[in-house]
Each structure stands twice: as structure tokens, then as C-alpha cells.
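Have a look at the structure below before the remarks.
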Amino acid sequence: MSSLARSALRLPRRVAVPSSLRSIQTSADTTQLSSSPPQGLDDPFQVRIHEDSFQTYNCEKPSLDVTVTKGELLKMYTEMQTMRRMEMAADQLYKAKLIRGFCHLAIGQEAISVGLEHGITPNDRVITGYRCHPFAVLRGGSIAGVLGELLGRQIGMSNGKGGSMHIFTPSFYGGNGIVGAQVPVGAGVAFAQKYKEKDNCTFALYGDGASNQGQVFEAFNMAKLWELPVVFVCENNKYGMGTPAERSSSNTQYFTRGDKIPGLQVNGMDIIASKHAAQYARKWTVDDKKGPLLLEFVTYRYGGHSMSDPGTTYRTREEVQRMRSTQDPIRGLQKYIEEWGLASEQELKQIDKEAKSKIDAAVEEAKASPEPKVDDLWTDIYYKGTEPPFMRGREREEVHYY
Amino acid sequence: MFTSTLRKRIPRILNVRFSSSVEPPPAGGHLPSVATSQLLRSTRDTALRTPDLVWVDEGSSETSESLVGGRETRKMNTYQAVRDAMSVALTKDDDAVVFGEDVAFGGVFRCTMGLAEEFGRERVFNTPLTEQGLVGFGIGLAMMGHTAIAEIQFADYIFPAFDQLVNEAAKIRYRSGGQYNCGKLTVRTPTMSVGHGGLYHSQSPEGFFMGVSGLKVVIPRSPIQAKGLLLASIRDPNPVVFMEPKVLYRSAVEQVPIDDYTLPLSRAEILVPGSDLTLLSWGTPLYHCETALHMLSSPAPTLEPHIPTSLRTAKIELIDLRTILPWDVDTVVESVKRTGRLVVVHEAGMTAGAGAEICAEVQKRCFLKLNAPVRRVTGWDTPAGLQFEKFIMPDAIRVLDAIVETLSY
């Protein structure tokens, strides 16, 4: 042992030292304008992302210069604001006991769902864990469809039979309630894309908590082995349920955990950095055909893990308050828009108002929808026409005969 | 499970059969074994007339009753028939892929021999040793419309993938409101004992899936059955766990039709018609049941004193359940209503095995018709210790004992 220790000492020091000693910063408002502000909605202009917005693992750092348009930024703002309002509406419906069961809200993490959607194409596939509501809407679903699903109504995107965590669209392979289970499923989806020679990829999302599941590593291995067009996306909101990342993971640099899969850590609070990273990942897997990539968005959830978790037993109220007031992704984008002269405070307030009324209308629409028909309890278990002769209920009268 | 009367006899029976001082019987004994089983169809004509067989030809849907002439059969054992089925699936469906641990070079039981060479390594490929990962991967693939044929190397290793099968595969249709499904997923896995498998190569986990609505569980008994049921499973629009009794891979040989055909899922088959007792099983123990029927009707001299003459002419109805979930309640109940007696035989342990569900349903539906309590002959609830496997698994003597007890109740 002692000789081993001595030989270890002789190793060059820099081997063990990460390429960058600086850690990622998660401010939401550090992107700088680098060309003159635009005139029209669709006029492109240059901005420069803060150099500490990315950290890399075996890959090149994305360029810090990004081209955006006023129209795109305003759309992002609208979407982020709408998603937050939707989650807040879900929170209220839950507290009013209209939504029952499990409900995981993504308040604080809007820059990831919206940023990802702006960096990929409609034909790419997305699959995620249980914190899924914004993805479902952005991938072609509707707000009333999501809220209706949470309420367990017919208008819900799974006809009210799934609930939170179980929402799908043709390009969104769902919220998935089992921690980590969606990751190998995403690898399979990506394999089909490769097999059929589609110019698309799959974004398989999971949290920092799920990152320690065995099947996540099984999926990493298969994806790299077969060079699948899949981007593994770790949404690191710093807490796996009620346990801080550093108390659950021996390595909290999640972007380095893919072994031979290169990784990119991203400031997940800056919407422009998030979108840029999604584009980078898509180019990596689809255009450059370099196989899988690991993206880690460093973010923060304001609420608890689920509705039954106040979120303040394992972290201080001050910490949550500090994140809200200094690193909020929506406020960050708002600051860009105002500072770069893209819209006035009044115009943004108008957008906020419209988002609120849109959500209010969706809440009413969802609430007005009836609950699923009792007969629907028996459908979609087996393919129609191949069911067993009967399915049991609690008692004889409830046995359903197909 | 042995009754006290028969337990006393066991040492004598064992003595006679295995003592070296007595002239040894021919290998396999005088009784029918898998090699000589009448349950196997060893001629072209009987093979082509397999009940319920549906030919899958382009543009036709003839049953076995028609178009027998001109069809070919080939002598195959079970692993060759399984391979043949996958070959048909890969030939007819460009989106079909076969994957699992070691399948590219044939698999441990040779079920995928030559498939990689024939269809290419993009379509028949090895996965890492990651059961949970590979089933999840298969679910994703099937959700994209691919025909995904996954292999779990032994049924004993299906437990790491239990979550993916129970929570993802079985529920994806329901929880997406019918938008998504993985009906094109078939998970093949070798099951049941092989005589010396020990703890992790002898289990029969079908009972664990009994309550997993959304999933189908199929167990074939022979080469013809394996090909037809596997093709039906692959094409069934629901995820199917297809368990192949591993001791039958080589020992069961039949003339197997070389054309494409399917056998129906969720339909049991009456192998031997009868009127006095229903004997229900699936997979390997069916052959022990056949042996037991032979022992009952023409017992060896050592057994004669223990089998009342009046019972020797009893007509026992032997049924192969074939699909364990959703199982063919109607055929079983109809049979028990006629015979008034039921004995269920399976290799998995008795407690909460598949037999428990079947017995509960039958006693409810046939209560007034039953002449004896429903009996189960099963493996022990213990783990399958290496040295005790033959002792733990249900064999012909124990099936015979249950038949005699139930008939004379």
C-alpha cells in the first residue's frame, strides 16, 4: 500500500484537477447584449452568455455568442409566465382539494422546459419523470388538458385516468412516475429513430435524485455502446425529494457521470443559456452524429418535492427566498427584455395579465369537464378486442365483461 | 403434500426404482417420457392438424382444417421452433428486432442461432447484462412502433425488470389514455426446472405476473405450440411475457409446420378428453401428468396395491392452460363442471402461485358441481436447492397421488 501511495504522489498533479476550477454560476440575468438592439420582431441580434454558464466534460464548450430575436424572447417570456401560472393554478386547485393524489410542480424550473423546447424541433422526442406538466403543454398539449388530467376529468390528456405524472402527446413520451424508469425507455425511443434513419433525437430527462438509479447507468451504457441519438438531461434542482444532492450522490457533477458520454453543465436559470445548450446537444447528436450527450441543467425548485412536502424542512426559507429574489429565470428574462429595450414594463404586465386570464379560463374549462365514465375504467388495459372475458371489480355487480 | 398413506409407500417405490440390487429399468423407465410422449405430434399429418392452428399466408386466414395438402413440416425441437418463429417474424416485419444477453451468437439455449448472420447485427444484437435497462429499452422501442423481441436469459433474472414490466409495459396504454402502448413488445425467457438448475435457474415466476392486468403471460409445451404461440405473442397488440420451459428445448421434438401460423392466446387446449377429473397444467409438468395417467391406468406391479381397481378406468381430462394471463376461465370451468374434480399442477410454489387464483375462481364457479376439494400439486414453497430439485418439483408420483386422493375423496 505504501508503495502505491508513493507512486500515486508522483502522478502529475493536473490529472486530478478539473479543466475549470471555477464553478457554474446560476444567475438568470448575466447575458449581455453585444450588438445594437433590433427593430422588428424577427430581426436577429447578438447576445453574449456569461462565460461561467457552462462547464464541459470531454466536449468543447459551446460558443458564448448567441443569436436571438425579439419575437423569440417575448414568446419565451409568455410561455414561462404561462407555465408558472399553470403550476400555481394547480397548487391552488390542490389546496382546494379539487386535485387529489400526487402532484409535483416545476415552479422555478421554467427555463428548462421552455429553453429545451426552443432549442429542438417538433419531431424530436422528449420523455421525463414526474415533474412533467410544462413539457406536456409545450410539446403540443393544452393547459386545460393538463389541468383536466390533474383534476381527473374527461378533458384530461389521458382522459382523466392518469393524473399528474401521466401526461403524453405524440412527441412527448410522458411523465413517468417511477424514478429513473423513463431513461432506458428514452434509449429505446432513440434506437428506433436511429434504426429508421430519422434526423431526430430523444431528450430523456431525469432529476438529480434519479441519477443514482441503476437503470440510468444501464441506459448510459447502452446508449454509448450503440451511439444512440439520445441526450440525457439531468435537471439538477439540488434536492432529490428531501435530500440535498451532496448527501445522496458521491459525485454531484452530474454532467461527468456518463463515463464515456461527454457532458455539459448548464446554467438552467438563464433561459438563453438553456436554449443554447439544447441546440448544442441537438447538433451534437443529430447533425454531427456523435452519439449520446449528457446535459445537466443546474436549477432550483421553489416548492416542495410534491404537494405534501412544504419544502422547508431540509432547507431554509431564506435559501428559497434568496433563489426566488436573485436567480429567478422569469425575472432574469424580464430584465433582458427591459434593459435591451424590447418591451416596456407595461407591455410585459399586459402579457402577465393575458397569461393569467388564459389559465383562469383553462381552469374553468377543466373544472367543467365531467369525470371519466365508469366504463372507461375498463378500457385501455388490453388492446381493444383482445381483452380477457372479464375484469374484476370489488363485487359481483362490478365485474366488467368485455 | 403427500398424504400419509402414500408417504409410507414412497420409500418402497424409491427402493424398487432406484436400488442397484434390482435390475435397472431402461433409461427413462417403462413409462412415457417427453421422448415418447403421445402429446407430441411426430408425423406430418398430425402436426398439420394441430387444433386451433391458423395459417398466416398472404391474403388468407385458413384454419388447420383447410389447406393441409402441400404444406411441409420439419422435425424440430423446441429451441429450433422458437428460432423458426423469430425468423418468420424478422422476415415478414422489417421493424422487428431481437435483442438480449448473448443472443447475437445464438443465446445460451441456441434459440437465436444464426439469426444475427441471417438478418444482420443491427436487427439481432447483444445487450449488456442489464435486465431492467433492456426491458425499458424494449418498451421505448415498442412505443415507437417497432416489433421488439427481448430475451431475458433466465426467468429467474426477470425480477430486476419487474418494475419495467409491471409499472411501464403493463400500464402505459392505460395511463396515457390509449395514446401510447408497447403492444409490440414480447419478452422471451426460459423458465421452469431443468433438474440441476439450483436456486437461480429453476424458478417459475409466472404467478408473480398473475395480477398484472395489461400484460399477457404465455407458456408453450412443445415445438409446434412454441412456434405458433410465440408468433401470436409477437403479433398480439399487448405486451407479452413468453416463458419457454427450458428442459423442453431439446427433449421435446415434433414435426413443425414450416409455414407461418399462429395459435390463439388465452385459449386452453384439452389434450386428453375425460369425464371424471380435470387435470390442469402448463409447460413441463404436462408430461409428468401424462406419465401419471399412464401409471393410473396400467400401474406397475409395485404400484398396483395402492391404486384401487375401480379407479384405473377413470377418464381423466388433461388440459394445457397455455396462456396464464389472461387465462381461459371458460374452458377450465366447463371441464370441471363436467368432471366435478380438479387437480392443478405447476412447478412454482403453492403459496400464491398461479394455481391459487385458478382454484379460487373454480371453486366459486363450480361449487355445487364439485365432488372433491380442488387440489394443487406444486413445487415446494422453499427455494429450489440444487441437490433437492427433483424432490421439490412435482413429479408423476405426486400427481398420481393427488389424482387417487381426489377420485376417492
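By convention here, the chains of the C-alpha cells are called A, B, ... in the order presented, each chain's residues are numbered starting at 1, and ligands are numbered starting at 1 in the order presented.
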(request) Would you mind listing what lies within 7 Å of segment 286-295 of chain B as an MDAnalysis selection string, with only C-alpha atoms counted and same-chain residues fewer than 3 positions away left out? (result) chainID B and resid 31:34 281:283 298:300 395:397 399:400
Residues just named, written with all heavy atoms as a compact mmCIF listing (two decimals), in the first residue's frame:
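Output (part_34.txt):
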```
# COMPACT_ATOMS: atom_id res chain seq x y z
N LEU B 31 -42.27 -46.04 -18.49
CA LEU B 31 -43.36 -45.08 -18.63
C LEU B 31 -43.07 -44.09 -19.75
O LEU B 31 -41.92 -43.90 -20.12
CB LEU B 31 -43.51 -44.32 -17.31
CG LEU B 31 -43.90 -45.22 -16.15
CD1 LEU B 31 -43.54 -44.58 -14.84
CD2 LEU B 31 -45.38 -45.52 -16.22
N PRO B 32 -44.12 -43.47 -20.27
CA PRO B 32 -43.87 -42.47 -21.31
C PRO B 32 -43.09 -41.30 -20.73
O PRO B 32 -43.32 -40.88 -19.61
CB PRO B 32 -45.27 -42.04 -21.76
CG PRO B 32 -46.16 -42.41 -20.64
CD PRO B 32 -45.54 -43.60 -19.97
N SER B 33 -42.11 -40.82 -21.46
CA SER B 33 -41.38 -39.63 -21.05
C SER B 33 -41.59 -38.60 -22.16
O SER B 33 -42.35 -38.84 -23.09
CB SER B 33 -39.90 -39.95 -20.91
OG SER B 33 -39.40 -40.29 -22.18
N VAL B 34 -40.90 -37.48 -22.08
CA VAL B 34 -41.06 -36.48 -23.13
C VAL B 34 -40.70 -37.08 -24.49
O VAL B 34 -41.36 -36.85 -25.49
CB VAL B 34 -40.18 -35.24 -22.84
CG1 VAL B 34 -40.30 -34.24 -23.96
CG2 VAL B 34 -40.59 -34.61 -21.51
N SER B 281 -52.57 -28.19 -16.24
CA SER B 281 -51.17 -27.82 -16.05
C SER B 281 -50.70 -27.00 -17.24
O SER B 281 -51.48 -26.67 -18.14
CB SER B 281 -50.31 -29.08 -15.87
OG SER B 281 -49.01 -28.71 -15.46
N TRP B 282 -49.41 -26.65 -17.22
CA TRP B 282 -48.81 -25.95 -18.36
C TRP B 282 -47.30 -26.21 -18.33
O TRP B 282 -46.72 -26.44 -17.27
CB TRP B 282 -49.11 -24.44 -18.32
CG TRP B 282 -48.81 -23.78 -17.01
CD1 TRP B 282 -47.65 -23.20 -16.63
CD2 TRP B 282 -49.72 -23.62 -15.91
NE1 TRP B 282 -47.76 -22.69 -15.36
CE2 TRP B 282 -49.02 -22.93 -14.89
CE3 TRP B 282 -51.05 -23.99 -15.67
CZ2 TRP B 282 -49.60 -22.60 -13.67
CZ3 TRP B 282 -51.61 -23.65 -14.44
CH2 TRP B 282 -50.91 -22.97 -13.47
N GLY B 283 -46.71 -26.18 -19.49
CA GLY B 283 -45.26 -26.37 -19.58
C GLY B 283 -44.83 -27.78 -19.21
O GLY B 283 -45.55 -28.77 -19.45
N SER B 298 -52.45 -48.25 -16.03
CA SER B 298 -51.74 -49.54 -16.03
C SER B 298 -50.55 -49.46 -15.07
O SER B 298 -49.42 -49.27 -15.49
CB SER B 298 -51.28 -49.89 -17.45
OG SER B 298 -50.74 -48.75 -18.08
N PRO B 299 -50.85 -49.55 -13.79
CA PRO B 299 -49.80 -49.38 -12.80
C PRO B 299 -48.77 -50.52 -12.84
O PRO B 299 -49.10 -51.66 -13.15
CB PRO B 299 -50.56 -49.39 -11.47
CG PRO B 299 -51.85 -50.04 -11.75
CD PRO B 299 -52.16 -49.83 -13.19
N ALA B 300 -47.54 -50.15 -12.53
CA ALA B 300 -46.50 -51.16 -12.39
C ALA B 300 -46.86 -52.04 -11.19
O ALA B 300 -47.61 -51.61 -10.31
CB ALA B 300 -45.16 -50.48 -12.17
N ASP B 395 -43.70 -34.35 -9.41
CA ASP B 395 -43.42 -35.39 -10.39
C ASP B 395 -44.65 -36.28 -10.56
O ASP B 395 -45.70 -36.04 -9.96
CB ASP B 395 -42.18 -36.20 -9.98
CG ASP B 395 -42.39 -36.88 -8.63
OD1 ASP B 395 -43.53 -36.83 -8.11
OD2 ASP B 395 -41.42 -37.45 -8.10
N ALA B 396 -44.51 -37.31 -11.39
CA ALA B 396 -45.66 -38.14 -11.75
C ALA B 396 -46.28 -38.81 -10.52
O ALA B 396 -47.50 -38.91 -10.41
CB ALA B 396 -45.25 -39.18 -12.79
N ILE B 397 -45.43 -39.27 -9.61
CA ILE B 397 -45.96 -39.97 -8.42
C ILE B 397 -46.85 -39.04 -7.60
O ILE B 397 -47.92 -39.43 -7.13
CB ILE B 397 -44.77 -40.48 -7.55
CG1 ILE B 397 -44.06 -41.64 -8.25
CG2 ILE B 397 -45.25 -40.88 -6.17
CD1 ILE B 397 -44.79 -42.97 -8.12
N VAL B 399 -48.41 -36.37 -8.69
CA VAL B 399 -49.62 -36.10 -9.46
C VAL B 399 -50.58 -37.28 -9.32
O VAL B 399 -51.78 -37.11 -9.07
CB VAL B 399 -49.29 -35.82 -10.94
CG1 VAL B 399 -50.57 -35.64 -11.75
CG2 VAL B 399 -48.38 -34.61 -11.09
N LEU B 400 -50.02 -38.48 -9.43
CA LEU B 400 -50.82 -39.69 -9.29
C LEU B 400 -51.49 -39.73 -7.93
O LEU B 400 -52.69 -40.03 -7.81
CB LEU B 400 -49.91 -40.92 -9.48
CG LEU B 400 -50.58 -42.29 -9.27
CD1 LEU B 400 -51.63 -42.55 -10.36
CD2 LEU B 400 -49.55 -43.40 -9.27
```
(message) Residues of chain A within 8 Å of chain B, counting only C-alpha atoms, what are they? List them as a PyMOL selection string.
(response) chain A and resi 157-162+166-170+174+178+181-192+215-216+218-219+221-222+379-383+386-388
(message) Counting only C-alpha atoms, which residue out of A:Met165, A:Leu41, A:Cys103, A:Val126 sits closest to Gly71 of chain A?
(response) A:Leu41
(request) as a PyMOL selection string, please: all residues of segment 44-290 of chain B that backbone DSSP puts in strand (DSSP E). (result) chain B and resi 54-55+73-77+96-100+124-126+147-151+185-191+216-218+240-245+253-257+261-262+269-272+277-281
(request) Please provide the set of residues having any atom within 12 Å of segment 307-316 of chain A, restricted to only C-alpha atoms, with same-chain residues fewer than 3 positions apart removed, written as a PyMOL selection string. (result) chain A and resi 87-88+90-97+99-106+131+164+238-245+247+300-304+319-323
I need the residues from that last selection saved to file as a compact mmCIF listing (two decimals), in the first residue's frame (with N, CA, C and O atoms), if you can.
```
# COMPACT_ATOMS: atom_id res chain seq x y z
N GLU A 87 -48.83 26.13 -13.07
CA GLU A 87 -48.41 25.37 -11.89
C GLU A 87 -49.00 25.98 -10.62
O GLU A 87 -49.40 25.27 -9.69
N MET A 88 -49.08 27.34 -10.60
CA MET A 88 -49.68 27.98 -9.43
C MET A 88 -51.17 27.66 -9.33
O MET A 88 -51.70 27.46 -8.23
N ALA A 90 -52.48 24.89 -10.39
CA ALA A 90 -52.53 23.51 -9.92
C ALA A 90 -52.36 23.47 -8.40
O ALA A 90 -53.05 22.74 -7.69
N ASP A 91 -51.44 24.31 -7.93
CA ASP A 91 -51.20 24.41 -6.49
C ASP A 91 -52.49 24.80 -5.76
O ASP A 91 -52.87 24.20 -4.76
N GLN A 92 -53.17 25.81 -6.31
CA GLN A 92 -54.41 26.26 -5.67
C GLN A 92 -55.51 25.20 -5.73
O GLN A 92 -56.21 24.96 -4.75
N LEU A 93 -55.61 24.55 -6.90
CA LEU A 93 -56.64 23.51 -7.03
C LEU A 93 -56.36 22.36 -6.08
O LEU A 93 -57.27 21.73 -5.55
N TYR A 94 -55.08 22.10 -5.87
CA TYR A 94 -54.71 21.03 -4.94
C TYR A 94 -55.09 21.42 -3.53
O TYR A 94 -55.69 20.63 -2.79
N LYS A 95 -54.75 22.67 -3.17
CA LYS A 95 -55.05 23.11 -1.82
C LYS A 95 -56.55 23.22 -1.58
O LYS A 95 -57.01 23.13 -0.45
N ALA A 96 -57.30 23.43 -2.66
CA ALA A 96 -58.76 23.46 -2.55
C ALA A 96 -59.34 22.04 -2.57
O ALA A 96 -60.55 21.86 -2.64
N LYS A 97 -58.45 21.06 -2.55
CA LYS A 97 -58.82 19.64 -2.53
C LYS A 97 -59.56 19.20 -3.80
O LYS A 97 -60.30 18.22 -3.79
N ILE A 99 -57.78 18.79 -6.72
CA ILE A 99 -56.79 17.83 -7.25
C ILE A 99 -56.37 16.94 -6.10
O ILE A 99 -56.03 17.43 -5.03
N ARG A 100 -56.44 15.66 -6.32
CA ARG A 100 -56.03 14.72 -5.28
C ARG A 100 -54.83 13.93 -5.79
O ARG A 100 -54.49 13.97 -6.96
N GLY A 101 -54.24 13.19 -4.89
CA GLY A 101 -53.13 12.33 -5.30
C GLY A 101 -51.82 13.06 -5.29
O GLY A 101 -51.61 13.97 -4.50
N PHE A 102 -50.95 12.67 -6.19
CA PHE A 102 -49.61 13.23 -6.18
C PHE A 102 -49.49 14.33 -7.22
O PHE A 102 -50.08 14.25 -8.28
N CYS A 103 -48.74 15.32 -6.89
CA CYS A 103 -48.66 16.46 -7.78
C CYS A 103 -47.30 17.12 -7.56
O CYS A 103 -46.99 17.55 -6.45
N HIS A 104 -46.49 17.16 -8.60
CA HIS A 104 -45.14 17.71 -8.49
C HIS A 104 -45.04 18.92 -9.41
O HIS A 104 -45.28 18.80 -10.61
N LEU A 105 -44.72 20.06 -8.83
CA LEU A 105 -44.74 21.30 -9.60
C LEU A 105 -43.32 21.73 -9.96
O LEU A 105 -42.37 21.49 -9.22
N ALA A 106 -43.23 22.40 -11.10
CA ALA A 106 -41.92 22.78 -11.63
C ALA A 106 -41.68 24.28 -11.50
O ALA A 106 -40.96 24.85 -12.31
N ARG A 131 -42.11 15.37 -12.90
CA ARG A 131 -42.30 16.82 -12.92
C ARG A 131 -42.48 17.24 -14.38
O ARG A 131 -41.57 17.75 -15.02
N SER A 164 -51.63 13.53 -12.59
CA SER A 164 -50.29 14.11 -12.69
C SER A 164 -49.30 12.98 -12.91
O SER A 164 -49.53 11.87 -12.45
N LYS A 238 -31.09 20.38 -7.09
CA LYS A 238 -30.30 20.36 -5.85
C LYS A 238 -30.88 19.50 -4.73
O LYS A 238 -30.23 19.28 -3.71
N TYR A 239 -32.11 19.00 -4.92
CA TYR A 239 -32.68 18.15 -3.87
C TYR A 239 -33.40 16.96 -4.51
O TYR A 239 -34.30 17.15 -5.33
N GLY A 240 -33.00 15.75 -4.16
CA GLY A 240 -33.74 14.56 -4.57
C GLY A 240 -34.77 14.29 -3.50
O GLY A 240 -34.42 13.85 -2.41
N MET A 241 -36.01 14.62 -3.76
CA MET A 241 -37.05 14.68 -2.74
C MET A 241 -36.55 15.57 -1.60
O MET A 241 -36.33 16.75 -1.82
N GLY A 242 -36.30 14.99 -0.43
CA GLY A 242 -35.89 15.85 0.69
C GLY A 242 -34.41 15.73 1.04
O GLY A 242 -34.02 16.09 2.14
N THR A 243 -33.61 15.22 0.11
CA THR A 243 -32.20 15.03 0.43
C THR A 243 -31.34 15.87 -0.50
O THR A 243 -31.46 15.77 -1.72
N PRO A 244 -30.48 16.73 0.07
CA PRO A 244 -29.61 17.53 -0.79
C PRO A 244 -28.71 16.64 -1.63
O PRO A 244 -28.33 15.54 -1.20
N ALA A 245 -28.40 17.12 -2.83
CA ALA A 245 -27.61 16.32 -3.76
C ALA A 245 -26.33 15.79 -3.14
O ALA A 245 -25.98 14.62 -3.30
N ARG A 247 -25.70 14.93 -0.27
CA ARG A 247 -25.87 13.86 0.72
C ARG A 247 -26.40 12.58 0.07
O ARG A 247 -26.58 11.57 0.74
N TYR A 300 -33.40 25.14 -9.71
CA TYR A 300 -33.89 25.18 -8.34
C TYR A 300 -35.40 25.10 -8.35
O TYR A 300 -36.05 25.75 -9.18
N ARG A 301 -35.96 24.27 -7.48
CA ARG A 301 -37.42 24.27 -7.40
C ARG A 301 -37.82 25.05 -6.15
O ARG A 301 -37.26 24.85 -5.08
N TYR A 302 -38.79 25.93 -6.36
CA TYR A 302 -39.21 26.79 -5.25
C TYR A 302 -40.10 26.04 -4.27
O TYR A 302 -40.07 26.28 -3.07
N GLY A 303 -40.90 25.15 -4.81
CA GLY A 303 -41.84 24.43 -3.94
C GLY A 303 -41.20 23.17 -3.38
O GLY A 303 -40.03 22.88 -3.58
N GLY A 304 -42.02 22.40 -2.67
CA GLY A 304 -41.55 21.13 -2.15
C GLY A 304 -41.45 20.11 -3.27
O GLY A 304 -41.80 20.38 -4.42
N GLU A 319 -33.03 30.39 2.10
CA GLU A 319 -32.41 29.89 0.87
C GLU A 319 -33.39 29.99 -0.29
O GLU A 319 -33.06 30.48 -1.37
N VAL A 320 -34.63 29.52 -0.05
CA VAL A 320 -35.64 29.57 -1.10
C VAL A 320 -35.89 31.03 -1.50
O VAL A 320 -35.94 31.38 -2.69
N GLN A 321 -36.02 31.87 -0.50
CA GLN A 321 -36.29 33.28 -0.76
C GLN A 321 -35.16 33.93 -1.56
O GLN A 321 -35.39 34.71 -2.47
N ARG A 322 -33.93 33.56 -1.20
CA ARG A 322 -32.78 34.14 -1.90
C ARG A 322 -32.78 33.73 -3.37
O ARG A 322 -32.57 34.55 -4.26
N MET A 323 -33.07 32.44 -3.63
CA MET A 323 -33.11 31.98 -5.02
C MET A 323 -34.20 32.72 -5.79
O MET A 323 -34.00 33.16 -6.91
```
